[in-house]
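Dumped entry-v2.pdb below, it's PDB, C-alpha atoms and all ligand atoms:
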MODEL        1
ATOM      1  CA  MET J   1     101.445 152.318  86.923
ATOM      2  CA  LYS J   2      98.430 154.362  85.975
ATOM      3  CA  LEU J   3      96.203 152.548  83.607
ATOM      4  CA  ARG J   4      93.345 154.490  82.198
ATOM      5  CA  ASN J   5      92.864 155.685  85.733
ATOM      6  CA  LEU J   6      92.474 152.100  86.810
ATOM      7  CA  GLY J   7      95.334 149.712  87.179
ATOM      8  CA  LEU J   8      98.056 149.128  89.669
ATOM      9  CA  ALA J   9     101.313 148.037  88.221
ATOM     10  CA  LEU J  10     104.564 146.644  89.433
ATOM     11  CA  THR J  11     106.630 149.747  89.063
ATOM     12  CA  VAL J  12     110.201 150.080  88.029
ATOM     13  CA  TYR J  13     112.138 150.503  91.221
ATOM     14  CA  GLY J  14     112.392 154.106  92.232
ATOM     15  CA  ILE J  15     110.632 155.619  89.299
ATOM     16  CA  MET J  16     106.935 155.525  89.831
ATOM     17  CA  THR J  17     105.572 158.593  91.496
ATOM     18  CA  ALA J  18     102.126 159.274  90.165
ATOM     19  CA  ALA J  19     100.839 156.130  88.638
ATOM     20  CA  ALA J  20      98.752 153.235  89.682
ATOM     21  CA  ASN J  21      98.998 149.518  90.018
ATOM     22  CA  ALA J  22     102.287 148.573  88.399
ATOM     23  CA  GLN J  23     105.148 146.438  89.565
ATOM     24  CA  ALA J  24     108.275 148.435  90.017
ATOM     25  CA  VAL J  25     111.274 147.694  87.865
ATOM     26  CA  SER J  26     114.846 147.857  89.022
ATOM     27  CA  PRO J  27     117.072 149.260  91.662
ATOM     28  CA  GLY J  28     115.852 151.886  94.042
ATOM     29  CA  GLY J  29     112.647 151.174  95.873
ATOM     30  CA  GLY J  30     109.692 152.518  93.946
ATOM     31  CA  HIS J  31     106.057 152.324  94.592
ATOM     32  CA  ASP J  32     102.767 152.794  92.913
ATOM     33  CA  VAL J  33     100.340 155.532  93.677
ATOM     34  CA  VAL J  34      96.718 154.774  93.094
ATOM     35  CA  PRO J  35      94.760 156.473  90.359
ATOM     36  CA  THR J  36      93.308 159.916  90.833
ATOM     37  CA  GLY J  37      90.124 159.869  92.762
ATOM     38  CA  LYS J  38      91.090 156.962  94.875
ATOM     39  CA  GLY J  39      94.275 158.105  96.528
ATOM     40  CA  GLY J  40      95.388 156.631  99.771
ATOM     41  CA  TRP J  41      93.893 157.921 102.945
ATOM     42  CA  ASN J  42      94.320 156.919 106.501
ATOM     43  CA  LEU J  43      91.641 156.169 108.984
ATOM     44  CA  PRO J  44      91.256 159.053 111.427
ATOM     45  CA  ALA J  45      93.117 158.594 114.632
ATOM     46  CA  ALA J  46      90.936 157.631 117.561
ATOM     47  CA  SER J  47      92.193 160.675 119.442
ATOM     48  CA  ASP J  48      90.844 162.952 116.698
ATOM     49  CA  LEU J  49      87.429 161.413 116.979
ATOM     50  CA  ALA J  50      87.466 161.804 120.735
ATOM     51  CA  LYS J  51      88.222 165.491 120.390
ATOM     52  CA  ARG J  52      85.097 165.843 118.351
ATOM     53  CA  GLY J  53      83.115 164.358 121.177
ATOM     54  CA  ARG J  54      82.229 161.107 119.564
ATOM     55  CA  PRO J  55      82.418 157.828 121.420
ATOM     56  CA  LYS J  56      85.773 156.246 120.882
ATOM     57  CA  PRO J  57      85.344 153.457 118.329
ATOM     58  CA  PRO J  58      87.152 150.178 118.534
ATOM     59  CA  PRO J  59      90.482 150.448 116.742
ATOM     60  CA  PRO J  60      90.182 149.455 113.099
ATOM     61  CA  PRO J  61      91.937 146.156 112.551
ATOM     62  CA  THR J  62      93.992 147.584 109.708
ATOM     63  CA  ALA J  63      95.276 150.648 111.506
ATOM     64  CA  ASN J  64      98.685 149.381 112.435
ATOM     65  CA  ASN J  65      99.580 147.027 109.645
ATOM     66  CA  GLY J  66     100.847 149.543 107.135
ATOM     67  CA  ILE J  67      98.078 148.979 104.621
ATOM     68  CA  ASN J  68      94.521 150.225 104.715
ATOM     69  CA  TYR J  69      91.139 148.903 103.740
ATOM     70  CA  HIS J  70      89.017 151.135 101.535
ATOM     71  CA  ASN J  71      85.790 149.135 101.670
ATOM     72  CA  GLY J  72      85.963 147.585  98.228
ATOM     73  CA  PRO J  73      85.691 143.873  97.504
ATOM     74  CA  VAL J  74      88.451 141.297  97.559
ATOM     75  CA  MET J  75      88.273 138.117  95.505
ATOM     76  CA  LEU J  76      86.736 135.296  97.581
ATOM     77  CA  GLY J  77      86.833 131.560  97.253
ATOM     78  CA  THR J  78      88.959 129.830  94.651
ATOM     79  CA  VAL J  79      90.503 132.320  92.249
ATOM     80  CA  ASN J  80      90.988 131.080  88.705
ATOM     81  CA  ILE J  81      94.051 131.842  86.623
ATOM     82  CA  TYR J  82      93.934 132.130  82.826
ATOM     83  CA  TYR J  83      96.952 132.715  80.610
ATOM     84  CA  ILE J  84      97.054 134.360  77.219
ATOM     85  CA  TRP J  85     100.411 133.693  75.562
ATOM     86  CA  TYR J  86     100.845 136.726  73.344
ATOM     87  CA  GLY J  87     103.455 136.745  70.585
ATOM     88  CA  ASP J  88     105.985 134.030  69.867
ATOM     89  CA  TRP J  89     106.478 131.486  72.624
ATOM     90  CA  SER J  90     107.457 128.580  70.414
ATOM     91  CA  GLY J  91     110.145 126.436  71.967
ATOM     92  CA  ASN J  92     110.228 128.548  75.103
ATOM     93  CA  SER J  93     110.354 126.693  78.419
ATOM     94  CA  ALA J  94     108.344 129.576  79.908
ATOM     95  CA  VAL J  95     105.161 127.762  78.988
ATOM     96  CA  ASP J  96     106.022 124.876  81.308
ATOM     97  CA  ILE J  97     107.636 126.977  84.012
ATOM     98  CA  LEU J  98     104.764 129.409  84.348
ATOM     99  CA  SER J  99     101.988 126.867  83.878
ATOM    100  CA  ASP J 100     103.527 124.912  86.732
ATOM    101  CA  LEU J 101     103.557 128.095  88.797
ATOM    102  CA  ALA J 102      99.859 128.745  88.172
ATOM    103  CA  GLY J 103      99.057 125.161  89.083
ATOM    104  CA  SER J 104     101.024 125.120  92.297
ATOM    105  CA  ILE J 105     100.844 128.568  93.889
ATOM    106  CA  GLY J 106      97.465 127.976  95.569
ATOM    107  CA  GLY J 107      97.555 126.349  98.968
ATOM    108  CA  THR J 108     101.134 127.354  99.666
ATOM    109  CA  PRO J 109     102.505 129.196 102.708
ATOM    110  CA  TRP J 110     103.487 132.013 100.319
ATOM    111  CA  TYR J 111     100.012 132.516  98.876
ATOM    112  CA  ASN J 112      98.521 132.184 102.358
ATOM    113  CA  ILE J 113      99.780 135.708 103.035
ATOM    114  CA  ASN J 114      96.843 136.893 100.947
ATOM    115  CA  THR J 115      94.433 135.364 103.472
ATOM    116  CA  SER J 116      95.373 138.148 105.875
ATOM    117  CA  TYR J 117      93.214 140.403 103.656
ATOM    118  CA  TYR J 118      89.437 140.541 103.702
ATOM    119  CA  SER J 119      86.378 142.503 102.779
ATOM    120  CA  GLY J 120      83.597 143.611 105.056
ATOM    121  CA  SER J 121      83.751 144.975 108.575
ATOM    122  CA  GLY J 122      83.088 144.081 112.173
ATOM    123  CA  ARG J 123      82.078 140.465 112.540
ATOM    124  CA  GLN J 124      81.317 140.124 108.855
ATOM    125  CA  LEU J 125      84.862 139.786 107.578
ATOM    126  CA  LYS J 126      85.282 137.620 104.517
ATOM    127  CA  HIS J 127      88.878 136.578 104.029
ATOM    128  CA  VAL J 128      90.694 135.697 100.854
ATOM    129  CA  SER J 129      91.063 131.922 100.530
ATOM    130  CA  ASN J 130      94.327 130.100 100.020
ATOM    131  CA  SER J 131      92.933 128.538  96.872
ATOM    132  CA  VAL J 132      93.932 129.112  93.250
ATOM    133  CA  ALA J 133      93.140 127.017  90.197
ATOM    134  CA  PHE J 134      94.845 127.185  86.816
ATOM    135  CA  GLN J 135      91.864 126.936  84.511
ATOM    136  CA  GLY J 136      93.258 127.352  81.070
ATOM    137  CA  SER J 137      95.322 129.171  78.526
ATOM    138  CA  THR J 138      95.230 130.305  74.940
ATOM    139  CA  THR J 139      97.552 131.917  72.455
ATOM    140  CA  ASP J 140      97.441 135.185  70.549
ATOM    141  CA  ASP J 141      99.670 135.506  67.500
ATOM    142  CA  TYR J 142     100.423 139.235  67.630
ATOM    143  CA  SER J 143      96.808 140.263  66.965
ATOM    144  CA  ARG J 144      97.711 143.807  68.065
ATOM    145  CA  GLY J 145     101.241 143.820  66.769
ATOM    146  CA  LYS J 146     104.424 144.176  68.782
ATOM    147  CA  SER J 147     103.714 147.528  70.438
ATOM    148  CA  LEU J 148     100.760 147.359  72.777
ATOM    149  CA  SER J 149      98.785 150.108  74.438
ATOM    150  CA  ASP J 150      96.886 149.469  77.653
ATOM    151  CA  ASP J 151      93.715 149.309  75.571
ATOM    152  CA  ASP J 152      95.335 146.703  73.345
ATOM    153  CA  VAL J 153      96.015 144.529  76.376
ATOM    154  CA  ARG J 154      92.408 144.872  77.421
ATOM    155  CA  ASP J 155      91.266 143.991  73.914
ATOM    156  CA  VAL J 156      93.493 140.909  73.820
ATOM    157  CA  VAL J 157      91.649 139.688  76.903
ATOM    158  CA  ALA J 158      88.271 140.650  75.464
ATOM    159  CA  ASP J 159      89.017 138.776  72.242
ATOM    160  CA  ALA J 160      89.997 135.633  74.101
ATOM    161  CA  ILE J 161      86.727 135.700  76.013
ATOM    162  CA  SER J 162      84.355 136.759  73.247
ATOM    163  CA  SER J 163      85.799 134.167  70.872
ATOM    164  CA  GLY J 164      85.249 131.442  73.446
ATOM    165  CA  ARG J 165      88.950 130.572  73.676
ATOM    166  CA  LEU J 166      88.710 131.303  77.387
ATOM    167  CA  PRO J 167      85.589 131.251  79.556
ATOM    168  CA  LYS J 168      84.055 134.427  80.937
ATOM    169  CA  ASP J 169      84.847 134.222  84.619
ATOM    170  CA  THR J 170      84.309 137.035  87.103
ATOM    171  CA  ASN J 171      86.370 135.140  89.690
ATOM    172  CA  GLY J 172      89.262 134.799  87.285
ATOM    173  CA  VAL J 173      92.443 136.764  86.689
ATOM    174  CA  TYR J 174      93.506 136.839  83.045
ATOM    175  CA  PHE J 175      97.234 137.263  82.482
ATOM    176  CA  VAL J 176      98.473 138.593  79.153
ATOM    177  CA  LEU J 177     102.010 137.184  78.924
ATOM    178  CA  THR J 178     104.014 138.883  76.197
ATOM    179  CA  SER J 179     107.083 137.521  74.454
ATOM    180  CA  ALA J 180     110.322 139.457  74.749
ATOM    181  CA  ASP J 181     109.875 141.221  71.412
ATOM    182  CA  VAL J 182     106.635 142.888  72.520
ATOM    183  CA  SER J 183     106.660 146.336  74.063
ATOM    184  CA  GLU J 184     103.975 147.937  76.177
ATOM    185  CA  LEU J 185     103.859 151.609  75.341
ATOM    186  CA  SER J 186     102.711 152.935  78.704
ATOM    187  CA  GLY J 187     106.011 152.007  80.315
ATOM    188  CA  PHE J 188     107.060 148.360  80.387
ATOM    189  CA  CYS J 189     110.732 148.190  81.365
ATOM    190  CA  SER J 190     110.877 151.885  82.165
ATOM    191  CA  ASN J 191     108.089 152.357  84.674
ATOM    192  CA  TYR J 192     106.808 148.890  85.468
ATOM    193  CA  CYS J 193     107.242 145.184  84.793
ATOM    194  CA  GLY J 194     103.570 144.344  85.018
ATOM    195  CA  TRP J 195     100.246 145.773  86.038
ATOM    196  CA  HIS J 196      96.712 144.712  86.839
ATOM    197  CA  THR J 197      93.335 146.284  86.487
ATOM    198  CA  TYR J 198      89.714 145.421  85.680
ATOM    199  CA  ASP J 199      87.122 146.399  83.138
ATOM    200  CA  LYS J 200      83.677 145.498  81.947
ATOM    201  CA  ILE J 201      84.106 142.927  79.213
ATOM    202  CA  ASP J 202      81.108 141.241  77.668
ATOM    203  CA  SER J 203      78.964 142.701  80.461
ATOM    204  CA  ALA J 204      81.118 141.085  83.145
ATOM    205  CA  ASN J 205      83.617 142.502  85.630
ATOM    206  CA  ILE J 206      86.861 140.997  84.373
ATOM    207  CA  LYS J 207      90.175 141.235  86.200
ATOM    208  CA  PHE J 208      93.279 141.080  84.063
ATOM    209  CA  ALA J 209      96.998 141.774  84.134
ATOM    210  CA  PHE J 210      99.854 142.532  81.801
ATOM    211  CA  ILE J 211     103.058 140.579  82.411
ATOM    212  CA  GLY J 212     106.062 141.595  80.343
ATOM    213  CA  ASN J 213     109.028 139.353  79.604
ATOM    214  CA  PRO J 214     112.088 140.603  81.494
ATOM    215  CA  ASP J 215     114.301 139.244  78.727
ATOM    216  CA  GLN J 216     113.578 142.619  77.163
ATOM    217  CA  CYS J 217     115.121 144.431  80.132
ATOM    218  CA  PRO J 218     116.737 142.018  82.572
ATOM    219  CA  SER J 219     118.501 144.752  84.498
ATOM    220  CA  ALA J 220     115.144 146.344  85.268
ATOM    221  CA  CYS J 221     112.642 143.536  85.724
ATOM    222  CA  THR J 222     114.541 140.619  87.191
ATOM    223  CA  ARG J 223     117.234 140.021  89.750
ATOM    224  CA  SER J 224     118.581 136.908  88.104
ATOM    225  CA  ARG J 225     121.534 137.966  86.005
ATOM    226  CA  TYR J 226     123.335 134.965  84.550
ATOM    227  CA  HIS J 227     121.440 132.100  86.007
ATOM    228  CA  SER J 228     117.906 131.538  87.223
ATOM    229  CA  PRO J 229     116.217 128.651  89.023
ATOM    230  CA  ASN J 230     114.606 127.184  85.896
ATOM    231  CA  ASP J 231     117.325 128.201  83.430
ATOM    232  CA  ASN J 232     115.118 130.819  81.801
ATOM    233  CA  ILE J 233     115.802 134.301  83.091
ATOM    234  CA  GLY J 234     112.790 135.846  81.388
ATOM    235  CA  ALA J 235     110.331 133.247  82.591
ATOM    236  CA  ASP J 236     111.788 133.116  86.087
ATOM    237  CA  GLY J 237     111.409 136.880  86.244
ATOM    238  CA  MET J 238     107.842 136.623  85.036
ATOM    239  CA  ALA J 239     107.089 134.156  87.816
ATOM    240  CA  SER J 240     107.687 136.833  90.418
ATOM    241  CA  ILE J 241     105.727 139.416  88.429
ATOM    242  CA  ILE J 242     102.785 137.025  88.102
ATOM    243  CA  ALA J 243     102.852 136.316  91.838
ATOM    244  CA  HIS J 244     102.923 140.070  92.465
ATOM    245  CA  GLU J 245     100.010 140.924  90.194
ATOM    246  CA  LEU J 246      97.983 137.916  91.305
ATOM    247  CA  SER J 247      98.270 138.970  94.935
ATOM    248  CA  GLU J 248      97.229 142.513  94.111
ATOM    249  CA  SER J 249      94.371 141.364  91.908
ATOM    250  CA  VAL J 250      93.017 139.212  94.704
ATOM    251  CA  THR J 251      93.337 141.780  97.484
ATOM    252  CA  ASP J 252      92.514 144.885  95.420
ATOM    253  CA  PRO J 253      90.681 143.713  92.299
ATOM    254  CA  GLN J 254      88.873 146.983  91.677
ATOM    255  CA  LEU J 255      91.529 149.274  93.101
ATOM    256  CA  ASN J 256      89.333 150.239  96.016
ATOM    257  CA  ALA J 257      90.154 147.662  98.681
ATOM    258  CA  TRP J 258      93.679 147.284 100.085
ATOM    259  CA  TYR J 259      96.466 149.798  99.592
ATOM    260  CA  SER J 260      98.637 152.007 101.710
ATOM    261  CA  SER J 261      98.492 155.737 102.218
ATOM    262  CA  LYS J 262     101.159 155.988  99.534
ATOM    263  CA  GLY J 263      99.037 154.009  97.127
ATOM    264  CA  ASP J 264     101.043 150.824  97.444
ATOM    265  CA  GLU J 265      99.150 147.579  97.145
ATOM    266  CA  ASN J 266     100.341 144.587  99.114
ATOM    267  CA  ALA J 267     102.988 143.278  96.697
ATOM    268  CA  ASP J 268     104.222 146.792  95.927
ATOM    269  CA  LYS J 269     105.381 147.096  99.503
ATOM    270  CA  CYS J 270     107.794 144.187  99.044
ATOM    271  CA  ALA J 271     108.766 144.430  95.373
ATOM    272  CA  PHE J 272     112.230 143.009  94.645
ATOM    273  CA  THR J 273     112.776 141.769  98.175
ATOM    274  CA  PHE J 274     113.310 138.040  98.452
ATOM    275  CA  GLY J 275     114.116 137.130 102.040
ATOM    276  CA  ASN J 276     116.416 134.152 102.451
ATOM    277  CA  ILE J 277     117.864 132.926  99.183
ATOM    278  CA  TYR J 278     119.181 129.390  98.811
ATOM    279  CA  THR J 279     121.015 127.693  95.982
ATOM    280  CA  ALA J 280     118.790 125.727  93.638
ATOM    281  CA  PRO J 281     120.065 122.424  92.179
ATOM    282  CA  ASN J 282     121.233 124.252  89.049
ATOM    283  CA  GLY J 283     123.257 126.685  91.127
ATOM    284  CA  ALA J 284     120.938 129.674  90.759
ATOM    285  CA  GLY J 285     119.482 131.610  93.650
ATOM    286  CA  ALA J 286     115.948 130.686  94.645
ATOM    287  CA  ASN J 287     113.786 131.324  97.666
ATOM    288  CA  VAL J 288     110.753 129.076  97.449
ATOM    289  CA  GLN J 289     109.714 125.687  96.138
ATOM    290  CA  LEU J 290     106.253 125.539  94.590
ATOM    291  CA  GLY J 291     105.232 122.161  93.300
ATOM    292  CA  THR J 292     108.349 120.498  91.934
ATOM    293  CA  ARG J 293     110.180 123.678  90.942
ATOM    294  CA  ASP J 294     112.304 126.271  92.656
ATOM    295  CA  TYR J 295     111.451 129.910  92.041
ATOM    296  CA  LEU J 296     112.742 133.323  93.042
ATOM    297  CA  ILE J 297     109.500 135.038  94.017
ATOM    298  CA  GLN J 298     109.305 138.371  95.772
ATOM    299  CA  GLN J 299     108.030 138.611  99.309
ATOM    300  CA  ASN J 300     104.520 139.877 100.009
ATOM    301  CA  TRP J 301     103.074 142.155 102.673
ATOM    302  CA  ILE J 302     101.552 140.403 105.667
ATOM    303  CA  ASN J 303      98.482 142.257 106.917
ATOM    304  CA  ALA J 304      98.843 141.173 110.528
ATOM    305  CA  ASN J 305     100.937 141.780 113.609
ATOM    306  CA  GLY J 306     101.891 145.265 112.545
ATOM    307  CA  GLY J 307     102.643 144.309 108.962
ATOM    308  CA  SER J 308     105.844 143.077 107.360
ATOM    309  CA  CYS J 309     107.209 141.533 104.193
ATOM    310  CA  GLY J 310     107.443 137.774 104.311
ATOM    311  CA  MET J 311     107.501 134.543 102.369
ATOM    312  CA  SER J 312     104.834 132.817 104.452
ATOM    313  CA  TYR J 313     101.936 133.373 106.817
ATOM    314  CA  PRO J 314     101.215 132.848 109.633
TER     315      PRO J 314
HETATM  316 ZN    ZN B   1     102.000 146.245  92.094
ENDMDL
END
Would you write out, as structure tokens, the structure that this file holds?
Ligand SMILES: [Zn+2]
Amino acid sequence: MKLRNLGLALTVYGIMTAAANAQAVSPGGGHDVVPTGKGGWNLPAASDLAKRGRPKPPPPPTANNGINYHNGPVMLGTVNIYYIWYGDWSGNSAVDILSDLAGSIGGTPWYNINTSYYSGSGRQLKHVSNSVAFQGSTTDDYSRGKSLSDDDVRDVVADAISSGRLPKDTNGVYFVLTSADVSELSGFCSNYCGWHTYDKIDSANIKFAFIGNPDQCPSACTRSRYHSPNDNIGADGMASIIAHELSESVTDPQLNAWYSSKGDENADKCAFTFGNIYTAPNGAGANVQLGTRDYLIQQNWINANGGSCGMSYP
């Protein structure tokens, strides 16, 4: 989903055609196209260079994996997660379910897929680490009302930082988690389920994401219909959206690192695919255990061996 010519969102399945970093909603198979000025390009084929009489370069390591490196930074070392619970979350088990997710996703075979991404070139590659820390959360009692613009989401993050409720952390990803009664006017539930971007906040480069509650549109933003692994369809849907936007924030924090020629970031390429689903103890479909909980988390794109969606790497 296009966000002030910045973000990538998880698009609504089959709808997104000219937007940036959003997570796709619903049935179809959508993708995100990067913002204008950054659009996907492919490395020139070695044969083209040879025709021009240049020495044939070594093949770029990304050439055959279905996703391309555009020379921007990735997030290195331990990446810190911050949550901003926007709206009314009182009595909602989402707080436990998603806090547990943030505290357990680092170090897992699933998150290790992100270590197949790197910045730099040649022998100077710096890979993403399989390390995530949940560093804190705060609440926001509808400071911008129930209908948010992209700028409102940004300002919710800025307020949390400038007020000292959350630290200012350039190696953090700040997630604005909205309750089901909150709409996002640029297209939550119609074009995307979440998005991520970055901006200068308090003189720092801050990465942040919007995560909507699929309880507002379960047919679009979740695949759990009557039952979900943690008995909370909205929160279980948000778990997959968070995993999606976290992976994209880490491998494409400034929208100039890793994305395909179509403008798909890593998680976009596997949105709403889940691999092998098993039956969780409560009878719901799940596909991964993180910490003590079962979740239904989308697959992610493995940037190795030709590229593929998977639930683990290597
Ligand atoms: Zn996405």
Which residues are close to segment 137-140 of chain J, i.e. within 6 Å by only C-alpha atoms, leaving aside same-chain residues fewer than 6 positions away? Reply as number ranges by chain. J: 82-86
Assuming the chain letters and numbering stay as they are in my file, what does the PyMOL selection byres (((chain J and resi 239) around 9) and not hetatm) actually select? List them as a ChimeraX atom specification. /J:97-98,101,234-238,240-244,295-297
List as a ChimeraX atom specification the protein and nucleic acid residues near Gly87 of chain J, meaning an atom at most 12 Å away when only C-alpha atoms are counted, but skip any in the same chain fewer than 6 places from it. /J:138-148,156,176-183,212-213
At a cut-off of 8 Å from (102.8, 142.5, 93.1) in the coordinates of the file, what residues are picked up using all atoms listed in the file, written as a ChimeraX atom specification? /J:9-10,22-23,240-248,265-268,270-271,300
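Listed by chain and then by number, the residues chosen by the PyMOL selection byres (((chain J and resi 260) around 8) and not hetatm) in this file are Gly40, Trp41, Gly66, Ile67, Asn68, Trp258, Tyr259, Ser261, Lys262, Gly263, Asp264 and Glu265 of chain J.
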